[in-house]
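Heads up, protein.cif below (mmCIF, C-alpha atoms):
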data_query
#
loop_
_atom_site.label_atom_id
_atom_site.label_comp_id
_atom_site.auth_asym_id
_atom_site.auth_seq_id
_atom_site.Cartn_x
_atom_site.Cartn_y
_atom_site.Cartn_z
CA MET Y 1 115.92 97.54 109.44
CA GLN Y 2 115.92 97.65 113.23
CA CYS Y 3 114.09 99.24 116.12
CA LYS Y 4 116.79 100.42 118.52
CA LYS Y 5 114.93 102.02 121.41
CA ILE Y 6 111.46 103.12 122.46
CA GLU Y 7 110.50 105.56 125.22
CA VAL Y 8 106.89 105.67 126.35
CA GLU Y 9 105.05 107.83 128.86
CA ASN Y 10 101.44 107.48 130.01
CA PHE Y 11 100.58 104.99 127.29
CA ARG Y 12 97.93 102.44 128.36
CA ASN Y 13 99.15 101.07 131.72
CA ILE Y 14 102.74 102.24 131.17
CA ALA Y 15 103.61 105.31 133.27
CA HIS Y 16 107.14 105.41 131.92
CA ALA Y 17 109.33 102.95 130.06
CA SER Y 18 112.61 103.10 128.19
CA VAL Y 19 113.38 99.85 126.37
CA GLU Y 20 116.37 99.05 124.17
CA PHE Y 21 116.04 96.30 121.58
CA GLY Y 22 118.70 93.91 120.37
CA PRO Y 23 119.28 93.21 116.66
CA GLN Y 24 117.69 89.76 116.72
CA VAL Y 25 115.03 88.22 119.01
CA ASN Y 26 113.62 90.40 121.80
CA LEU Y 27 111.36 88.56 124.22
CA LEU Y 28 108.86 90.53 126.30
CA LEU Y 29 108.12 88.10 129.11
CA GLY Y 30 105.41 88.47 131.73
CA ASP Y 31 101.95 87.47 132.87
CA ASN Y 32 98.80 88.62 131.16
CA ALA Y 33 97.70 92.26 131.51
CA GLN Y 34 101.16 93.49 132.56
CA GLY Y 35 101.90 95.69 129.53
CA LYS Y 36 103.65 93.44 126.98
CA THR Y 37 101.11 93.96 124.22
CA ASN Y 38 100.84 97.65 125.12
CA LEU Y 39 104.52 98.19 124.32
CA LEU Y 40 104.18 96.22 121.10
CA GLU Y 41 101.15 98.35 120.27
CA ALA Y 42 103.24 101.51 120.75
CA VAL Y 43 105.89 100.22 118.30
CA SER Y 44 103.21 99.23 115.81
CA LEU Y 45 101.49 102.60 116.15
CA MET Y 46 104.66 104.39 115.09
CA ALA Y 47 105.01 102.14 112.04
CA LEU Y 48 101.42 101.77 110.87
CA GLY Y 49 99.83 104.94 112.19
CA ARG Y 50 97.06 103.27 114.16
CA SER Y 51 96.44 100.84 116.97
CA PHE Y 52 96.21 97.25 115.79
CA ARG Y 53 93.56 96.79 118.49
CA GLY Y 54 91.37 99.43 116.87
CA ALA Y 55 91.69 101.93 119.74
CA LYS Y 56 91.36 105.68 119.32
CA ASP Y 57 94.15 107.94 120.56
CA ALA Y 58 92.12 108.98 123.61
CA ASP Y 59 91.83 105.33 124.65
CA LEU Y 60 95.61 104.91 124.58
CA ILE Y 61 96.28 107.61 127.19
CA ARG Y 62 96.89 106.34 130.71
CA PHE Y 63 93.92 106.83 133.01
CA GLY Y 64 93.99 110.21 134.74
CA GLN Y 65 96.48 111.76 132.29
CA ASP Y 66 95.84 114.26 129.52
CA LYS Y 67 98.43 113.04 127.03
CA ALA Y 68 100.75 110.17 126.12
CA THR Y 69 104.10 110.36 124.36
CA ILE Y 70 106.11 107.86 122.34
CA ALA Y 71 109.66 108.27 121.00
CA LEU Y 72 111.08 105.55 118.76
CA ASP Y 73 114.63 105.28 117.43
CA TYR Y 74 115.13 103.02 114.43
CA CYS Y 75 117.51 102.63 111.51
CA ASP Y 76 117.53 101.25 108.00
CA HIS Y 77 120.55 100.50 105.83
CA ILE Y 78 120.96 104.22 105.08
CA ARG Y 79 120.36 106.29 108.20
CA ASP Y 80 119.18 106.59 111.80
CA MET Y 81 115.71 107.98 112.43
CA ARG Y 82 113.76 109.23 115.44
CA LEU Y 83 109.98 109.41 115.46
CA THR Y 84 107.98 111.07 118.23
CA ALA Y 85 104.24 111.16 118.80
CA THR Y 86 102.12 113.05 121.30
CA LEU Y 87 98.59 111.72 121.77
CA MET Y 88 96.02 114.07 123.29
CA ALA Y 89 92.38 113.42 124.11
CA GLY Y 90 90.13 115.44 121.84
CA ARG Y 91 93.03 116.91 119.86
CA ARG Y 92 94.97 115.97 116.77
CA ARG Y 93 98.03 113.79 117.22
CA LYS Y 94 101.38 115.63 116.97
CA MET Y 95 104.15 113.87 115.07
CA GLU Y 96 107.82 114.69 114.51
CA GLN Y 97 110.54 113.01 112.48
CA ASN Y 98 114.11 113.87 113.45
CA GLY Y 99 112.75 116.93 115.24
CA LEU Y 100 110.74 118.23 112.28
CA PRO Y 101 106.93 118.36 112.42
CA VAL Y 102 104.96 115.95 110.25
CA ALA Y 103 101.49 116.97 109.12
CA LYS Y 104 99.98 113.49 109.22
CA MET Y 105 101.04 109.98 110.09
CA SER Y 106 100.36 108.70 106.58
CA GLU Y 107 103.46 110.61 105.43
CA LEU Y 108 105.59 108.31 107.59
CA ILE Y 109 104.08 104.95 106.58
CA GLY Y 110 106.75 102.82 104.94
CA GLY Y 111 109.59 104.43 106.89
CA LEU Y 112 109.66 101.82 109.64
CA ARG Y 113 108.36 98.65 108.01
CA VAL Y 114 106.93 95.92 110.24
CA VAL Y 115 105.16 92.60 109.95
CA LEU Y 116 102.61 92.36 112.73
CA PHE Y 117 101.37 88.90 113.68
CA CYS Y 118 98.78 88.61 116.45
CA PRO Y 119 96.24 85.89 117.38
CA GLU Y 120 93.54 87.58 115.27
CA HIS Y 121 95.60 86.89 112.15
CA LEU Y 122 95.39 83.15 112.79
CA SER Y 123 91.73 83.49 111.79
CA ILE Y 124 92.49 85.21 108.50
CA ILE Y 125 91.51 82.11 106.51
CA LYS Y 126 88.17 81.37 108.17
CA SER Y 127 87.12 84.96 108.94
CA GLY Y 128 85.21 87.29 106.62
CA PRO Y 129 86.77 89.28 103.76
CA GLU Y 130 87.43 92.41 105.86
CA LEU Y 131 90.39 90.83 107.67
CA ARG Y 132 91.93 89.71 104.38
CA ARG Y 133 91.44 93.16 102.82
CA ASN Y 134 93.08 94.72 105.88
CA PHE Y 135 96.02 92.33 105.46
CA LEU Y 136 96.49 93.58 101.90
CA ASP Y 137 96.06 97.25 102.82
CA VAL Y 138 98.66 97.15 105.60
CA ALA Y 139 101.18 95.13 103.61
CA ILE Y 140 100.93 97.15 100.38
CA SER Y 141 100.76 100.58 102.05
CA GLN Y 142 104.18 100.04 103.62
CA LEU Y 143 105.67 99.34 100.18
CA LYS Y 144 103.68 101.73 97.98
CA PRO Y 145 102.81 105.19 99.39
CA VAL Y 146 100.68 105.83 96.29
CA TYR Y 147 98.50 102.90 97.31
CA MET Y 148 97.75 104.36 100.71
CA SER Y 149 96.92 107.73 99.16
CA ALA Y 150 94.56 106.12 96.65
CA LEU Y 151 92.92 104.09 99.42
CA GLY Y 152 92.35 107.23 101.49
CA ARG Y 153 90.74 109.00 98.54
CA TYR Y 154 88.63 105.95 97.74
CA ASN Y 155 87.27 105.70 101.27
CA LYS Y 156 86.31 109.39 101.32
CA ILE Y 157 84.51 109.08 97.98
CA LEU Y 158 82.80 105.89 99.09
CA LYS Y 159 81.56 107.53 102.27
CA GLU Y 160 79.99 110.40 100.32
CA ARG Y 161 78.47 108.07 97.72
CA ASN Y 162 77.00 105.84 100.42
CA ARG Y 163 75.52 108.90 102.11
CA LEU Y 164 73.73 109.85 98.89
CA LEU Y 165 72.39 106.33 98.42
CA LYS Y 166 71.16 106.05 101.99
CA GLU Y 167 69.39 109.41 101.82
CA ALA Y 168 67.89 108.46 98.44
CA SER Y 169 66.50 105.28 99.97
CA GLU Y 170 64.63 107.37 102.53
CA SER Y 171 63.34 110.35 100.51
CA GLU Y 172 62.06 111.02 96.99
CA ASP Y 173 63.59 114.51 97.04
CA ALA Y 174 66.95 113.09 98.03
CA ARG Y 175 66.67 110.56 95.21
CA ARG Y 176 66.30 113.35 92.66
CA ILE Y 177 69.36 115.10 94.10
CA MET Y 178 71.29 111.86 93.96
CA GLN Y 179 70.53 111.38 90.27
CA ASP Y 180 72.22 114.71 89.50
CA THR Y 181 75.48 114.01 91.31
CA ILE Y 182 76.06 110.30 91.87
CA ASP Y 183 77.75 109.62 88.52
CA ILE Y 184 80.44 112.17 89.38
CA TRP Y 185 81.21 110.20 92.54
CA SER Y 186 80.99 106.94 90.59
CA GLU Y 187 83.59 108.14 88.08
CA GLN Y 188 86.03 109.06 90.84
CA LEU Y 189 85.36 105.82 92.73
CA ALA Y 190 85.99 103.72 89.63
CA LYS Y 191 89.27 105.51 88.92
CA GLU Y 192 90.70 105.05 92.41
CA GLY Y 193 89.32 101.51 92.66
CA ALA Y 194 91.01 100.43 89.44
CA LEU Y 195 94.41 101.58 90.73
CA ILE Y 196 93.92 99.82 94.07
CA ALA Y 197 92.77 96.61 92.37
CA ARG Y 198 95.91 96.52 90.23
CA TYR Y 199 98.19 96.83 93.26
CA ARG Y 200 96.23 94.14 95.10
CA VAL Y 201 96.49 91.70 92.21
CA GLN Y 202 100.21 92.35 91.85
CA TYR Y 203 100.72 91.73 95.57
CA ILE Y 204 98.62 88.56 95.65
CA GLN Y 205 100.56 87.15 92.73
CA LYS Y 206 103.81 87.70 94.63
CA MET Y 207 102.27 86.28 97.80
CA LYS Y 208 101.05 83.21 95.93
CA GLN Y 209 104.62 82.27 95.15
CA ALA Y 210 106.21 83.24 98.47
CA ALA Y 211 103.50 81.76 100.72
CA SER Y 212 103.40 78.51 98.74
CA VAL Y 213 107.14 78.03 99.26
CA VAL Y 214 106.79 78.62 103.01
CA PHE Y 215 103.73 76.38 103.33
CA LEU Y 216 105.30 73.47 101.45
CA ASP Y 217 108.48 73.81 103.51
CA MET Y 218 106.49 73.94 106.75
CA THR Y 219 104.26 70.95 106.01
CA GLY Y 220 106.71 68.78 104.10
CA GLY Y 221 104.77 68.91 100.84
CA GLY Y 222 101.70 66.98 99.73
CA GLU Y 223 99.31 69.94 100.01
CA VAL Y 224 99.35 72.75 97.49
CA PRO Y 225 97.90 76.15 98.45
CA ASN Y 226 96.71 78.78 96.04
CA PHE Y 227 95.80 82.45 96.47
CA SER Y 228 93.79 84.45 93.95
CA TYR Y 229 92.09 87.83 93.74
CA VAL Y 230 88.30 88.04 93.90
CA GLY Y 231 87.08 91.38 92.54
CA THR Y 232 83.62 92.75 91.89
CA ALA Y 233 84.18 94.33 88.46
CA HIS Y 234 82.96 91.15 86.71
CA LEU Y 235 86.12 90.82 84.62
CA ASP Y 236 86.99 87.48 83.07
CA CYS Y 237 90.20 86.70 84.94
CA GLU Y 238 92.58 87.97 87.62
CA ASP Y 239 95.06 89.39 85.12
CA ASP Y 240 92.37 91.63 83.62
CA TYR Y 241 92.54 93.70 86.80
CA LEU Y 242 96.12 94.65 85.93
CA ASP Y 243 94.68 96.80 83.14
CA THR Y 244 93.44 99.89 85.00
CA VAL Y 245 91.62 101.26 81.94
CA LYS Y 246 89.59 98.07 81.58
CA THR Y 247 88.91 97.84 85.31
CA GLU Y 248 87.87 101.49 85.60
CA LYS Y 249 85.47 101.10 82.68
CA ALA Y 250 83.95 97.93 84.20
CA PHE Y 251 83.49 99.52 87.62
CA PHE Y 252 82.00 102.69 86.14
CA GLU Y 253 79.48 100.72 84.10
CA LEU Y 254 78.33 98.78 87.16
CA LEU Y 255 78.12 101.90 89.30
CA THR Y 256 76.08 103.87 86.75
CA THR Y 257 73.62 101.22 85.57
CA SER Y 258 72.40 99.80 88.88
CA HIS Y 259 71.20 102.80 90.84
CA ALA Y 260 67.88 101.17 91.73
CA ARG Y 261 69.58 98.17 93.34
CA GLU Y 262 72.00 100.36 95.25
CA VAL Y 263 69.27 102.71 96.46
CA GLY Y 264 67.34 99.67 97.64
CA ALA Y 265 70.40 98.48 99.56
CA GLY Y 266 71.32 101.97 100.75
CA TYR Y 267 75.03 101.57 99.98
CA THR Y 268 77.54 100.92 97.18
CA LEU Y 269 77.40 97.34 95.93
CA TRP Y 270 80.49 97.24 93.72
CA GLY Y 271 84.08 98.26 94.31
CA ILE Y 272 87.33 97.26 95.96
CA HIS Y 273 85.72 97.62 99.42
CA ARG Y 274 84.11 94.24 98.66
CA ASP Y 275 87.28 92.48 97.44
CA ASP Y 276 88.46 89.17 98.81
CA ILE Y 277 91.29 86.67 98.49
CA ASP Y 278 90.25 83.18 97.43
CA ILE Y 279 92.43 80.70 99.34
CA THR Y 280 92.39 77.03 98.41
CA LEU Y 281 94.28 73.92 99.49
CA ASN Y 282 94.60 71.23 96.85
CA GLY Y 283 91.92 73.06 94.89
CA VAL Y 284 89.38 73.04 97.73
CA CYS Y 285 88.17 76.16 99.61
CA ALA Y 286 90.40 76.45 102.68
CA ARG Y 287 87.87 78.54 104.61
CA LEU Y 288 85.24 75.80 104.44
CA PHE Y 289 87.17 72.56 104.30
CA ALA Y 290 90.69 72.99 105.72
CA SER Y 291 91.32 71.83 109.27
CA GLN Y 292 92.19 74.35 111.98
CA GLY Y 293 95.82 73.25 111.78
CA GLN Y 294 95.88 73.71 108.01
CA GLN Y 295 94.26 77.13 108.30
CA ARG Y 296 96.83 78.23 110.86
CA SER Y 297 99.65 76.99 108.65
CA LEU Y 298 98.25 79.02 105.78
CA ALA Y 299 97.96 82.12 107.98
CA LEU Y 300 101.54 81.70 109.19
CA ALA Y 301 102.70 81.23 105.59
CA MET Y 302 100.95 84.48 104.57
CA LYS Y 303 102.63 86.49 107.34
CA LEU Y 304 106.08 85.08 106.62
CA ALA Y 305 105.48 85.72 102.92
CA GLU Y 306 104.59 89.33 103.78
CA GLY Y 307 108.04 89.71 105.34
CA GLU Y 308 109.77 88.09 102.38
CA ILE Y 309 107.99 90.32 99.85
CA CYS Y 310 108.99 93.34 101.92
CA ARG Y 311 112.61 92.18 101.97
CA GLU Y 312 112.66 91.66 98.21
CA SER Y 313 111.07 95.05 97.56
CA CYS Y 314 113.15 97.09 100.02
CA LEU Y 315 116.35 95.02 100.14
CA GLU Y 316 116.21 94.57 103.92
CA HIS Y 317 114.13 92.65 106.41
CA PRO Y 318 111.24 94.38 108.15
CA VAL Y 319 110.88 94.24 111.93
CA TYR Y 320 108.66 91.36 113.05
CA LEU Y 321 106.16 92.02 115.84
CA PHE Y 322 104.67 88.83 117.27
CA ASP Y 323 102.00 89.27 119.92
CA ASP Y 324 101.47 86.05 121.88
CA VAL Y 325 101.19 83.88 118.77
CA LEU Y 326 103.48 81.09 119.94
CA SER Y 327 100.96 80.00 122.58
CA GLU Y 328 98.38 79.63 119.80
CA LEU Y 329 100.56 77.30 117.72
CA ASP Y 330 101.37 73.63 118.21
CA VAL Y 331 104.97 72.51 118.79
CA ARG Y 332 105.70 71.80 115.12
CA ARG Y 333 104.56 75.22 113.96
CA ARG Y 334 106.33 76.94 116.88
CA ASP Y 335 109.56 75.23 115.93
CA TYR Y 336 109.15 76.18 112.29
CA LEU Y 337 108.42 79.81 113.11
CA THR Y 338 111.39 80.17 115.45
CA SER Y 339 113.67 78.54 112.87
CA ARG Y 340 112.69 81.22 110.36
CA ILE Y 341 113.31 84.30 112.51
CA TYR Y 342 116.81 83.77 113.92
CA ASP Y 343 118.43 86.19 111.41
CA LYS Y 344 115.76 88.91 111.69
CA GLN Y 345 114.81 91.43 114.34
CA VAL Y 346 111.79 90.16 116.23
CA ILE Y 347 109.93 91.69 119.17
CA LEU Y 348 107.84 88.93 120.67
CA THR Y 349 105.49 88.76 123.65
CA THR Y 350 104.93 85.64 125.71
CA CYS Y 351 103.71 84.49 129.11
CA GLU Y 352 105.82 81.33 129.04
CA PRO Y 353 109.33 81.37 130.59
CA SER Y 354 110.11 78.17 128.64
CA GLU Y 355 110.32 80.27 125.48
CA MET Y 356 113.64 81.66 126.74
CA LYS Y 357 115.25 78.28 126.02
CA ARG Y 358 113.60 78.01 122.62
CA MET Y 359 114.88 81.45 121.62
CA GLY Y 360 118.51 80.87 122.59
CA ASP Y 361 120.37 84.17 122.93
CA ALA Y 362 117.27 86.33 122.95
CA ASN Y 363 117.24 89.74 124.62
CA VAL Y 364 114.77 88.98 127.42
CA ILE Y 365 112.81 91.84 128.99
CA LYS Y 366 110.73 91.13 132.08
CA VAL Y 367 107.40 92.93 132.11
CA GLN Y 368 105.44 93.52 135.31
CA ASN Y 369 102.71 96.05 136.02
CA GLY Y 370 103.80 98.38 133.22
CA THR Y 371 107.52 98.27 134.05
CA PHE Y 372 110.25 96.75 131.86
CA CYS Y 373 113.53 95.30 133.08
CA ALA Y 374 116.20 93.51 131.00
CA LEU Y 375 117.19 90.11 132.40
#
This structure in structure tokens:
Amino acid sequence: MQCKKIEVENFRNIAHASVEFGPQVNLLLGDNAQGKTNLLEAVSLMALGRSFRGAKDADLIRFGQDKATIALDYCDHIRDMRLTATLMAGRRRKMEQNGLPVAKMSELIGGLRVVLFCPEHLSIIKSGPELRRNFLDVAISQLKPVYMSALGRYNKILKERNRLLKEASESEDARRIMQDTIDIWSEQLAKEGALIARYRVQYIQKMKQAASVVFLDMTGGGEVPNFSYVGTAHLDCEDDYLDTVKTEKAFFELLTTSHAREVGAGYTLWGIHRDDIDITLNGVCARLFASQGQQRSLALAMKLAEGEICRESCLEHPVYLFDDVLSELDVRRRDYLTSRIYDKQVILTTCEPSEMKRMGDANVIKVQNGTFCAL
């Protein structure tokens, strides 16, 4: 899979840009705040449907303009594709694929598959569970459209259920209304949650193998990582979550027998929105006891494993998007990372001209004040 070309107008600080990508390493080189990450964000937006910086569409439009446009040409092993997006402040995004309108971006997820690696991901080990859940959601959604659909339904149900619980915590009348309807929401939440939990366990079990191979290769052995699913259904072991009937029953029982606790909290206490990945190194909690270097090696292993799982599932490499991560790694980890990407398409941002030598025959694109020029 390869990105071939992107055309951008009025996106962030980019008035207009037309950039062609080579089949291997593409280096976006320039000082900070020149537009490197903005272009990478545009590519990522077309693949994942949202800004990896958490920005709304209106925030992506260049100051003083009323819309931004992106056109991306890419190919897989079967065909060439062209995606276009028009972002408008206060209006719904317009999407087209090969000239045909697309109702919503979620229909395109998994077409262009990417592995995004930015400095935030280096904190995936020591940060809270939300970043690790997001890692799973992005990775699995690109491989399993049914997962993304289930996750969307789950979040809508959760929002409504939380609304009922919050209102019930504030009013006796609202509590009586909640008692009449909350079990209907609980049943739906348990059903969607059980499906999501199964996909997460299956992915973590694949990642456990792939990331361990990468980590041992990177560090030379001696330290053994492990990754396991932490769910809230109170099942006996990780493999129990592969049984959706058992998981749904366990979730439903928790959600229907603890109303008083949930009303007191004002939100839903059990479900896949509270999942986590337990990450250990030699049997010890990596979040608490691993060094910064070890944590970064684990994070790098997880992202490279994400790419390998994608390749195994789809029979071709994804596109790797690396946003200024080399500057955050020491020399040994930089060398390891660059040794692993030579046969893949990579779009990489950096401020350091010395990276041109490290990358060999990279396609180098100079970035300055929102303009892009091949060197």
- Item | Using only C-alpha atoms: which of Y:Leu195, Y:Val25, Y:Ile124, Y:Ala260 has the shortest distance to Tyr154 (chain Y) | Y:Leu195
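Applied to the file shown here, the PyMOL selection byres ((chain Y and resi 325-341) around 8) selects Val25, Phe117, Cys118, Pro119, Met218, Arg296, Ser297, Phe322, Asp323, Asp324, Tyr342, Asp343, Lys344, Gln345, Val346, Thr350, Arg358 and Met359 of chain Y.
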- Pick from Y:Met207, Y:Val367, Y:Asp183, Y:Val201 nearest to Cys237 (chain Y), counting all atoms listed in the file: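 Once distances to Cys237 (chain Y) are computed over all atoms listed in the file, the minimum belongs to Y:Val201.
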- Using all atoms listed in the file, find the one residue out of Y:Gly221, Y:Pro129, Y:Pro101, Y:Gly110 that sits nearest to Met1 (chain Y).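 Under the stated criterion, the closest residue is Y:Gly110.
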- Judged by all atoms listed in the file, the minimum distance to Asp276 (chain Y) among Y:Met105, Y:Leu100, Y:Val230, Y:Leu28 is found for Y:Val230
- Item | Selected residue of minimal separation from Glu160 (chain Y) among Y:Arg82, Y:Tyr267, Y:Gly220, Y:Val115, counting only C-alpha atoms | Y:Tyr267
- Who sits within 8 Å of region 280-295 of chain Y, all atoms listed in the file, same chain under 2 positions skipped, as a count of residues only: 14
- Task: Rank Y:Lys357, Y:Glu192, Y:Thr349, Y:Thr232 by their smallest atom-to-atom distance to Thr244 (chain Y), using all atoms listed in the file, and report the top residue only.
- Result: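 Of Y:Lys357, Y:Glu192, Y:Thr349, Y:Thr232, the one nearest Thr244 (chain Y), counting all atoms listed in the file, is Y:Glu192.
The protein and nucleic acid residues lying at most 8 Å from Ser228 (chain Y) are Y:Val201, Y:Ile204, Y:Gln205, Y:Lys208, Y:Glu238, Y:Ile277, Y:Asp278, Y:Ile279, with all atoms listed in the file considered and sequence neighbours fewer than 3 positions away removed.
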Now that the selection is made, can you save its residues with C-alpha atoms as a PDB file, keeping the file's coordinate frame?
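File written: selection_2.pdb
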ATOM      1  CA  VAL Y 201      96.490  91.700  92.210  1.00  0.00           C
ATOM      2  CA  ILE Y 204      98.620  88.560  95.650  1.00  0.00           C
ATOM      3  CA  GLN Y 205     100.560  87.150  92.730  1.00  0.00           C
ATOM      4  CA  LYS Y 208     101.050  83.210  95.930  1.00  0.00           C
ATOM      5  CA  GLU Y 238      92.580  87.970  87.620  1.00  0.00           C
ATOM      6  CA  ILE Y 277      91.290  86.670  98.490  1.00  0.00           C
ATOM      7  CA  ASP Y 278      90.250  83.180  97.430  1.00  0.00           C
ATOM      8  CA  ILE Y 279      92.430  80.700  99.340  1.00  0.00           C
TER       9      ILE Y 279
END
- Message: Using Å and a single decimal, report how far CA of Cys3 (chain Y) sits from CA of Glu312 (chain Y).
- Response: 19.5 Å
- Find the distance between CA of Leu108 (chain Y) and CA of His273 (chain Y) and write it in Å to one decimal.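 These two atoms are separated by 24.0 Å.
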- Given the file shown, determine the residues that the PyMOL selection byres ((chain Y and resi 69) around 8) selects; report them as a ChimeraX atom specification. /Y:8-11,67-68,70-71,84-87
Check what the PyMOL selection byres ((chain Y and resi 15) around 10) selects in the file above and give those residues as a PDB file with C-alpha atoms, keeping the file's coordinate frame.
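Written output follows (out.pdb):
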ATOM      1  CA  VAL Y   8     106.890 105.670 126.350  1.00  0.00           C
ATOM      2  CA  GLU Y   9     105.050 107.830 128.860  1.00  0.00           C
ATOM      3  CA  ASN Y  10     101.440 107.480 130.010  1.00  0.00           C
ATOM      4  CA  PHE Y  11     100.580 104.990 127.290  1.00  0.00           C
ATOM      5  CA  ARG Y  12      97.930 102.440 128.360  1.00  0.00           C
ATOM      6  CA  ASN Y  13      99.150 101.070 131.720  1.00  0.00           C
ATOM      7  CA  ILE Y  14     102.740 102.240 131.170  1.00  0.00           C
ATOM      8  CA  HIS Y  16     107.140 105.410 131.920  1.00  0.00           C
ATOM      9  CA  ALA Y  17     109.330 102.950 130.060  1.00  0.00           C
ATOM     10  CA  ILE Y  61      96.280 107.610 127.190  1.00  0.00           C
ATOM     11  CA  ARG Y  62      96.890 106.340 130.710  1.00  0.00           C
ATOM     12  CA  PHE Y  63      93.920 106.830 133.010  1.00  0.00           C
ATOM     13  CA  GLN Y  65      96.480 111.760 132.290  1.00  0.00           C
ATOM     14  CA  ALA Y  68     100.750 110.170 126.120  1.00  0.00           C
ATOM     15  CA  ASN Y 369     102.710  96.050 136.020  1.00  0.00           C
ATOM     16  CA  GLY Y 370     103.800  98.380 133.220  1.00  0.00           C
ATOM     17  CA  THR Y 371     107.520  98.270 134.050  1.00  0.00           C
TER      18      THR Y 371
END
- Atomic separation - CA of Leu136 (chain Y) relative to CA of Tyr203 (chain Y), Å: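 Distance reported for this atom pair: 7.8 Å.
With all atoms listed in the file taken into account, the protein and nucleic acid residues at most 12 Å from Gly152 (chain Y) (excluding it and anything under 5 positions from it in its own chain) are Ser106, Asp137, Ser141, Pro145, Val146, Tyr147, Ile157, Leu158, Lys159, Leu189, Glu192, Gly193, Ile196 and His273 of chain Y.
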Can I get region 300-315 of chain Y with N, CA and C atoms filled in, as an mmCIF file, in the coordinates of the input?
data_model
loop_
_atom_site.group_PDB
_atom_site.id
_atom_site.type_symbol
_atom_site.label_atom_id
_atom_site.label_comp_id
_atom_site.auth_asym_id
_atom_site.auth_seq_id
_atom_site.Cartn_x
_atom_site.Cartn_y
_atom_site.Cartn_z
ATOM 1 N N LEU Y 300 100.116 81.502 108.877
ATOM 2 C CA LEU Y 300 101.540 81.700 109.190
ATOM 3 C C LEU Y 300 102.332 81.888 107.900
ATOM 4 N N ALA Y 301 102.009 81.109 106.876
ATOM 5 C CA ALA Y 301 102.700 81.230 105.590
ATOM 6 C C ALA Y 301 102.464 82.615 104.984
ATOM 7 N N MET Y 302 101.256 83.151 105.118
ATOM 8 C CA MET Y 302 100.950 84.480 104.570
ATOM 9 C C MET Y 302 101.760 85.556 105.276
ATOM 10 N N LYS Y 303 101.890 85.467 106.607
ATOM 11 C CA LYS Y 303 102.630 86.490 107.340
ATOM 12 C C LYS Y 303 104.132 86.413 107.052
ATOM 13 N N LEU Y 304 104.661 85.208 106.958
ATOM 14 C CA LEU Y 304 106.080 85.080 106.620
ATOM 15 C C LEU Y 304 106.330 85.525 105.183
ATOM 16 N N ALA Y 305 105.368 85.262 104.304
ATOM 17 C CA ALA Y 305 105.480 85.720 102.920
ATOM 18 C C ALA Y 305 105.444 87.250 102.864
ATOM 19 N N GLU Y 306 104.637 87.871 103.713
ATOM 20 C CA GLU Y 306 104.590 89.330 103.780
ATOM 21 C C GLU Y 306 105.985 89.897 104.075
ATOM 22 N N GLY Y 307 106.684 89.267 105.012
ATOM 23 C CA GLY Y 307 108.040 89.710 105.340
ATOM 24 C C GLY Y 307 109.002 89.508 104.194
ATOM 25 N N GLU Y 308 108.857 88.384 103.485
ATOM 26 C CA GLU Y 308 109.770 88.090 102.380
ATOM 27 C C GLU Y 308 109.542 89.052 101.210
ATOM 28 N N ILE Y 309 108.288 89.363 100.920
ATOM 29 C CA ILE Y 309 107.990 90.320 99.850
ATOM 30 C C ILE Y 309 108.551 91.695 100.196
ATOM 31 N N CYS Y 310 108.426 92.066 101.454
ATOM 32 C CA CYS Y 310 108.990 93.340 101.920
ATOM 33 C C CYS Y 310 110.502 93.357 101.742
ATOM 34 N N ARG Y 311 111.147 92.258 102.109
ATOM 35 C CA ARG Y 311 112.610 92.180 101.970
ATOM 36 C C ARG Y 311 113.022 92.299 100.501
ATOM 37 N N GLU Y 312 112.320 91.611 99.628
ATOM 38 C CA GLU Y 312 112.660 91.660 98.210
ATOM 39 C C GLU Y 312 112.443 93.054 97.629
ATOM 40 N N SER Y 313 111.403 93.743 98.105
ATOM 41 C CA SER Y 313 111.070 95.050 97.560
ATOM 42 C C SER Y 313 111.996 96.142 98.093
ATOM 43 N N CYS Y 314 112.395 96.018 99.353
ATOM 44 C CA CYS Y 314 113.150 97.090 100.020
ATOM 45 C C CYS Y 314 114.592 96.725 100.315
ATOM 46 N N LEU Y 315 114.966 95.491 99.999
ATOM 47 C CA LEU Y 315 116.350 95.020 100.140
ATOM 48 C C LEU Y 315 116.811 94.930 101.587
#
